[in-house]
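Let me begin by presenting the structure, written as structure tokens, before commenting on it.
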Amino acid sequence: MRHEIDLDRLGPAGPPMAQAIERCVHCGFCLPACPTYQEMGEEMDSPRGRILLMKEVLEERLSFQEAAPFVDRCLGCLACEPACPSGVGYRDLLHGYREIARRQEPGPLTERLRRWLVHSVLPSPSAFRWALRGARLGARFSALLPSSWRPLFVMARGLSWPLPTAEPLPALEPAQGQRRARVALLVGCAQEVLEPQITRSAVRLLARCGVEVVIPPRQGCCGSLALHDGELERAVKLAARNLEIFPKDVDAVLTTAAGCGSGMAEYPALFARQGLDATAASALAAKTRDISDFLAELGLPEVPPLGRKLIVAYQGACHLEQAQGIRRQPRDLLRLVPNLELVSLGDGELCCGSAGTYNLDQPEMADRLGQRKAEAIMASGAEAVATGNVGCLVQMRLYLERLGGGVPIYHTVEVLDRAYRGELL
């Protein structure tokens, strides 16, 4: 397909964007995989529809404003990529396009301020904690603010209060017994505020498996939220900080959040799209692995049986399954737990609607997808849910509570850690 996109105008991001457009043959294999298409049933709310819209905008035949309602509604879940027989690099097009859209059509001042606040607060656990407290206290005044700000207050009200606290993490956790590996662990941002026990479970589990864990104290946000929202310059700055801080003499750099892992895997492309040297980014990306992938390869000591038979549904996080291709490993780990029966959800593993900042940016669609996911969990008969991403965990818990379902939700490493410690799920 011949294109009329001015590649010089797009800079280093242009060629991969144009390639993604050219590869799409509009076959429709992406339609069943796309959550928004499943909900809306509209062609422009599908991946191939959005590709056509973005192409028209980049060829200056359509305005950013005309395409925005449909492109902005995209979750960036990347379920379309493994479904595509032509190998369309949808993420290359979406991330680059969103950066251009932010520059060309930044939106009204209130919206720019909201985005700035989100991307300034979320990467800092201390700032995020105070922001949530302030939003909860000020929820009664949220009606006075622009409608796009209100989801911030809804999210704050929906969390469990008081916010959890945890002991400080050590800079180094020694391996138990013979050392089998040495890794560095990304702590994350929102996870340290909302679900800090995930990281503590990960550290205990790794040490039990003979892994020495380095936790760089000055590490920061991985930049994934900024990357997925088209804030590429901000994402590069956050990534560059971690390139300096994470040690080179480790066997792997592990993540416990699917969004963080997929974002760090994109560091080389991120730097290249900005016209920067990607050598160091490629080296870190090559060592970055999700903890479930690492442990499945390393192998676990024998897991003691649960106190009773427990039915657990596994929800595959989009940026673990679609972006990183890690589907089998978490399930294999959970099947190692005696008395744990693993069941699937009946919704085709569609996105839960969390998707980074999506539930703040597109609350109506996030609400529909969250409700759909909660109903699928209830219908599965599961007594607990396991997943590999903190955003999914918080989103599913919120909508299960709205349905009145008391189904607990855990990260995969929490399930394993609790099994070893003899704690009930």
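Following the order of the structure tokens, chains are lettered A, B, ..., residues in each are numbered from 1, and ligands are numbered from 1.
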inquiry  = Neighbouring residues of Ala166 (chain A) were defined as those with any atom within 12 Å, considering only C-alpha atoms; residues of the same chain fewer than 6 positions away were excluded. Please report them as a PyMOL selection string.
reply    = chain A and resi 191-201
Any chance you could export the current selection's N, CA and C atoms as a compact mmCIF listing (two decimals), in the first residue's frame?
# COMPACT_ATOMS: atom_id res chain seq x y z
N GLN A 191 2.23 0.40 42.89
CA GLN A 191 2.18 -0.85 43.65
C GLN A 191 2.65 -0.65 45.08
N GLU A 192 3.68 0.19 45.29
CA GLU A 192 4.20 0.43 46.63
C GLU A 192 3.18 1.15 47.51
N VAL A 193 2.23 1.84 46.89
CA VAL A 193 1.20 2.54 47.65
C VAL A 193 -0.03 1.67 47.84
N LEU A 194 -0.45 0.99 46.78
CA LEU A 194 -1.72 0.27 46.81
C LEU A 194 -1.59 -1.18 47.29
N GLU A 195 -0.52 -1.86 46.90
CA GLU A 195 -0.36 -3.28 47.22
C GLU A 195 1.10 -3.59 47.54
N PRO A 196 1.67 -2.98 48.58
CA PRO A 196 3.11 -3.18 48.85
C PRO A 196 3.47 -4.61 49.21
N GLN A 197 2.49 -5.40 49.64
CA GLN A 197 2.78 -6.78 50.03
C GLN A 197 3.22 -7.63 48.84
N ILE A 198 2.90 -7.20 47.62
CA ILE A 198 3.32 -7.96 46.45
C ILE A 198 4.84 -8.02 46.38
N THR A 199 5.49 -6.88 46.54
CA THR A 199 6.95 -6.85 46.47
C THR A 199 7.56 -7.66 47.60
N ARG A 200 7.00 -7.57 48.82
CA ARG A 200 7.54 -8.35 49.94
C ARG A 200 7.39 -9.84 49.69
N SER A 201 6.27 -10.25 49.12
CA SER A 201 6.09 -11.67 48.77
C SER A 201 7.11 -12.09 47.73
request  = Extract, using only C-alpha atoms, all DNA, RNA and protein residues at most 10 Å from Arg73 (chain A), discarding same-chain residues fewer than 4 positions from it, and format them as a list in words.
outcome  = Thr36, Met44, Asp45, Ser46, Arg50, Ala68, Pro69, Tyr358, Asp361, Gln362, Pro363, Glu364, Met365 and Ala366 of chain A
task = Among the residues of region 330-385 of chain A, find those DSSP assigns to strand (DSSP E or B) from the backbone and print them as a PyMOL selection string.
result = chain A and resi 340-343+384-385
ask   = Closest to Gly307 (chain A) among A:Trp161, A:Trp130, A:Tyr420, A:Trp149, using only C-alpha atoms?
value =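 Closest to Gly307 (chain A) of all the choices is A:Tyr420.
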key: Pick from A:Val214, A:Ala235, A:Ile21, A:Met396, whichever lies nearest to Leu53 (chain A) using only C-alpha atoms   =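 Checking each of A:Val214, A:Ala235, A:Ile21, A:Met396 against Leu53 (chain A), counting only C-alpha atoms, the winner is A:Ile21.
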message = Give me, as a ChimeraX atom specification, all polymer residues having an atom no more than 12 Å from Val407 (chain A), counting only C-alpha atoms and skipping those fewer than 3 positions away in the same chain.
response = /A:310-313,374-375,377-386,393,396-404,410,425
remark   = Across A:Val413, A:Leu243, A:Cys27, A:Ala101, the smallest distance to Thr255 (chain A), with only C-alpha atoms counted, is shown by A:Val413
Near-Leu298 (chain A) list (12 Å; only C-alpha atoms; drop same-chain fewer than 3 positions) as an mmCIF file with N, CA and C atoms, in the first residue's frame:
data_model
loop_
_atom_site.group_PDB
_atom_site.id
_atom_site.type_symbol
_atom_site.label_atom_id
_atom_site.label_comp_id
_atom_site.auth_asym_id
_atom_site.auth_seq_id
_atom_site.Cartn_x
_atom_site.Cartn_y
_atom_site.Cartn_z
ATOM 1 N N ARG A 179 23.213 -20.275 46.542
ATOM 2 C CA ARG A 179 22.751 -19.232 45.626
ATOM 3 C C ARG A 179 22.665 -19.783 44.211
ATOM 4 N N ARG A 180 21.492 -19.628 43.611
ATOM 5 C CA ARG A 180 21.259 -20.120 42.253
ATOM 6 C C ARG A 180 21.253 -18.995 41.229
ATOM 7 N N ALA A 181 21.021 -17.765 41.684
ATOM 8 C CA ALA A 181 20.968 -16.623 40.763
ATOM 9 C C ALA A 181 21.055 -15.336 41.570
ATOM 10 N N ARG A 182 21.369 -14.266 40.875
ATOM 11 C CA ARG A 182 21.406 -12.927 41.475
ATOM 12 C C ARG A 182 20.630 -11.992 40.565
ATOM 13 N N LEU A 206 11.682 -15.279 46.120
ATOM 14 C CA LEU A 206 12.953 -15.391 45.402
ATOM 15 C C LEU A 206 14.051 -15.912 46.327
ATOM 16 N N CYS A 209 13.873 -19.499 46.887
ATOM 17 C CA CYS A 209 14.290 -20.264 45.714
ATOM 18 C C CYS A 209 15.798 -20.182 45.461
ATOM 19 N N GLY A 210 16.535 -19.591 46.398
ATOM 20 C CA GLY A 210 17.987 -19.512 46.240
ATOM 21 C C GLY A 210 18.448 -18.355 45.381
ATOM 22 N N VAL A 211 17.669 -17.271 45.369
ATOM 23 C CA VAL A 211 18.005 -16.111 44.540
ATOM 24 C C VAL A 211 18.393 -14.945 45.440
ATOM 25 N N ASP A 251 21.916 -11.438 36.932
ATOM 26 C CA ASP A 251 21.444 -12.376 35.911
ATOM 27 C C ASP A 251 20.178 -11.877 35.228
ATOM 28 N N ALA A 252 19.399 -11.089 35.958
ATOM 29 C CA ALA A 252 18.149 -10.570 35.392
ATOM 30 C C ALA A 252 17.681 -9.382 36.214
ATOM 31 N N ILE A 291 8.683 -11.774 36.750
ATOM 32 C CA ILE A 291 9.081 -12.717 37.792
ATOM 33 C C ILE A 291 8.517 -14.117 37.546
ATOM 34 N N SER A 292 7.330 -14.214 36.960
ATOM 35 C CA SER A 292 6.752 -15.531 36.706
ATOM 36 C C SER A 292 7.540 -16.278 35.642
ATOM 37 N N ASP A 293 8.002 -15.564 34.631
ATOM 38 C CA ASP A 293 8.812 -16.172 33.580
ATOM 39 C C ASP A 293 10.145 -16.662 34.158
ATOM 40 N N PHE A 294 10.748 -15.834 35.003
ATOM 41 C CA PHE A 294 12.034 -16.195 35.613
ATOM 42 C C PHE A 294 11.889 -17.417 36.520
ATOM 43 N N LEU A 295 10.881 -17.434 37.366
ATOM 44 C CA LEU A 295 10.709 -18.539 38.319
ATOM 45 C C LEU A 295 10.301 -19.830 37.621
ATOM 46 N N PRO A 301 11.194 -24.894 44.750
ATOM 47 C CA PRO A 301 11.201 -26.013 45.694
ATOM 48 C C PRO A 301 9.783 -26.570 45.826
ATOM 49 N N GLN A 329 3.580 -19.543 31.707
ATOM 50 C CA GLN A 329 4.431 -19.606 32.891
ATOM 51 C C GLN A 329 3.690 -19.352 34.209
ATOM 52 N N LEU A 333 3.164 -22.212 37.256
ATOM 53 C CA LEU A 333 3.567 -22.013 38.647
ATOM 54 C C LEU A 333 2.408 -22.281 39.598
#
task = Find, counting only C-alpha atoms, the residue in A:Leu320, A:Leu62, A:Leu369, A:Ala67 that gets nearest to Gly261 (chain A).
result =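 Looking only at the distances to Gly261 (chain A), the closest residue turns out to be A:Leu320.
Of the residues listed (A:Val337, A:Arg368, A:Cys222, A:Ala376), A:Cys222 shows the shortest atom-to-atom separation from Ala257 (chain A); distances use only C-alpha atoms.
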ask   = Within 12 Å of Pro162 (chain A), counting only C-alpha atoms, which residues qualify if same-chain residues fewer than 3 places away don't, as a list in words?
value = Arg129, Leu132, Arg133, Arg136, Ala156, Arg157, Gly158, Leu159, Thr165, Val193 and Leu194 of chain A
Include N, CA and C atoms and write out the residues we just selected as a short mmCIF file (atom, residue, chain, number, x, y, z; two decimals), in the first residue's frame.
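What ended up in result.cif:
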data_model
loop_
_atom_site.label_atom_id
_atom_site.label_comp_id
_atom_site.auth_asym_id
_atom_site.auth_seq_id
_atom_site.Cartn_x
_atom_site.Cartn_y
_atom_site.Cartn_z
N ARG A 129 0.57 8.81 47.42
CA ARG A 129 -0.13 8.52 48.68
C ARG A 129 -0.84 9.77 49.20
N LEU A 132 -3.89 10.68 46.96
CA LEU A 132 -5.07 9.85 47.21
C LEU A 132 -5.79 10.28 48.48
N ARG A 133 -5.02 10.59 49.50
CA ARG A 133 -5.64 11.06 50.74
C ARG A 133 -6.38 12.37 50.52
N ARG A 136 -9.57 11.73 48.50
CA ARG A 136 -10.63 11.12 49.32
C ARG A 136 -11.30 12.17 50.19
N ALA A 156 -10.13 7.21 44.32
CA ALA A 156 -9.71 7.36 45.71
C ALA A 156 -10.78 6.82 46.66
N ARG A 157 -12.04 7.09 46.37
CA ARG A 157 -13.12 6.60 47.23
C ARG A 157 -13.23 5.08 47.19
N GLY A 158 -12.89 4.49 46.03
CA GLY A 158 -13.07 3.05 45.87
C GLY A 158 -11.98 2.20 46.47
N LEU A 159 -10.89 2.81 46.94
CA LEU A 159 -9.79 2.04 47.52
C LEU A 159 -10.11 1.63 48.95
N THR A 165 0.42 -0.27 54.70
CA THR A 165 1.81 0.11 54.95
C THR A 165 2.65 -1.16 54.98
N VAL A 193 2.23 1.84 46.89
CA VAL A 193 1.20 2.54 47.65
C VAL A 193 -0.03 1.67 47.84
N LEU A 194 -0.45 0.99 46.78
CA LEU A 194 -1.72 0.27 46.81
C LEU A 194 -1.59 -1.18 47.29
#
Polymer residues at most 10 Å from Asp229 (chain A), only C-alpha atoms, same-chain spacing of 2 or more positions, as an MDAnalysis selection string = chainID A and resid 72 76 94:99 102 115 119 224:227 231:232 235 356:358 361
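For the choices A:Pro174, A:Pro106, A:Gly275, A:Gly188, the atom-to-atom distance to Leu10 (chain A) is smallest for A:Gly275 when using only C-alpha atoms.
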message = What does the structure give for the distance between CA of Arg335 (chain A) and CA of Lys373 (chain A), in Å to one decimal?
response = 22.6 Å
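Between CA of Gln176 (chain A) and CA of Asp249 (chain A) the separation is 19.7 Å.
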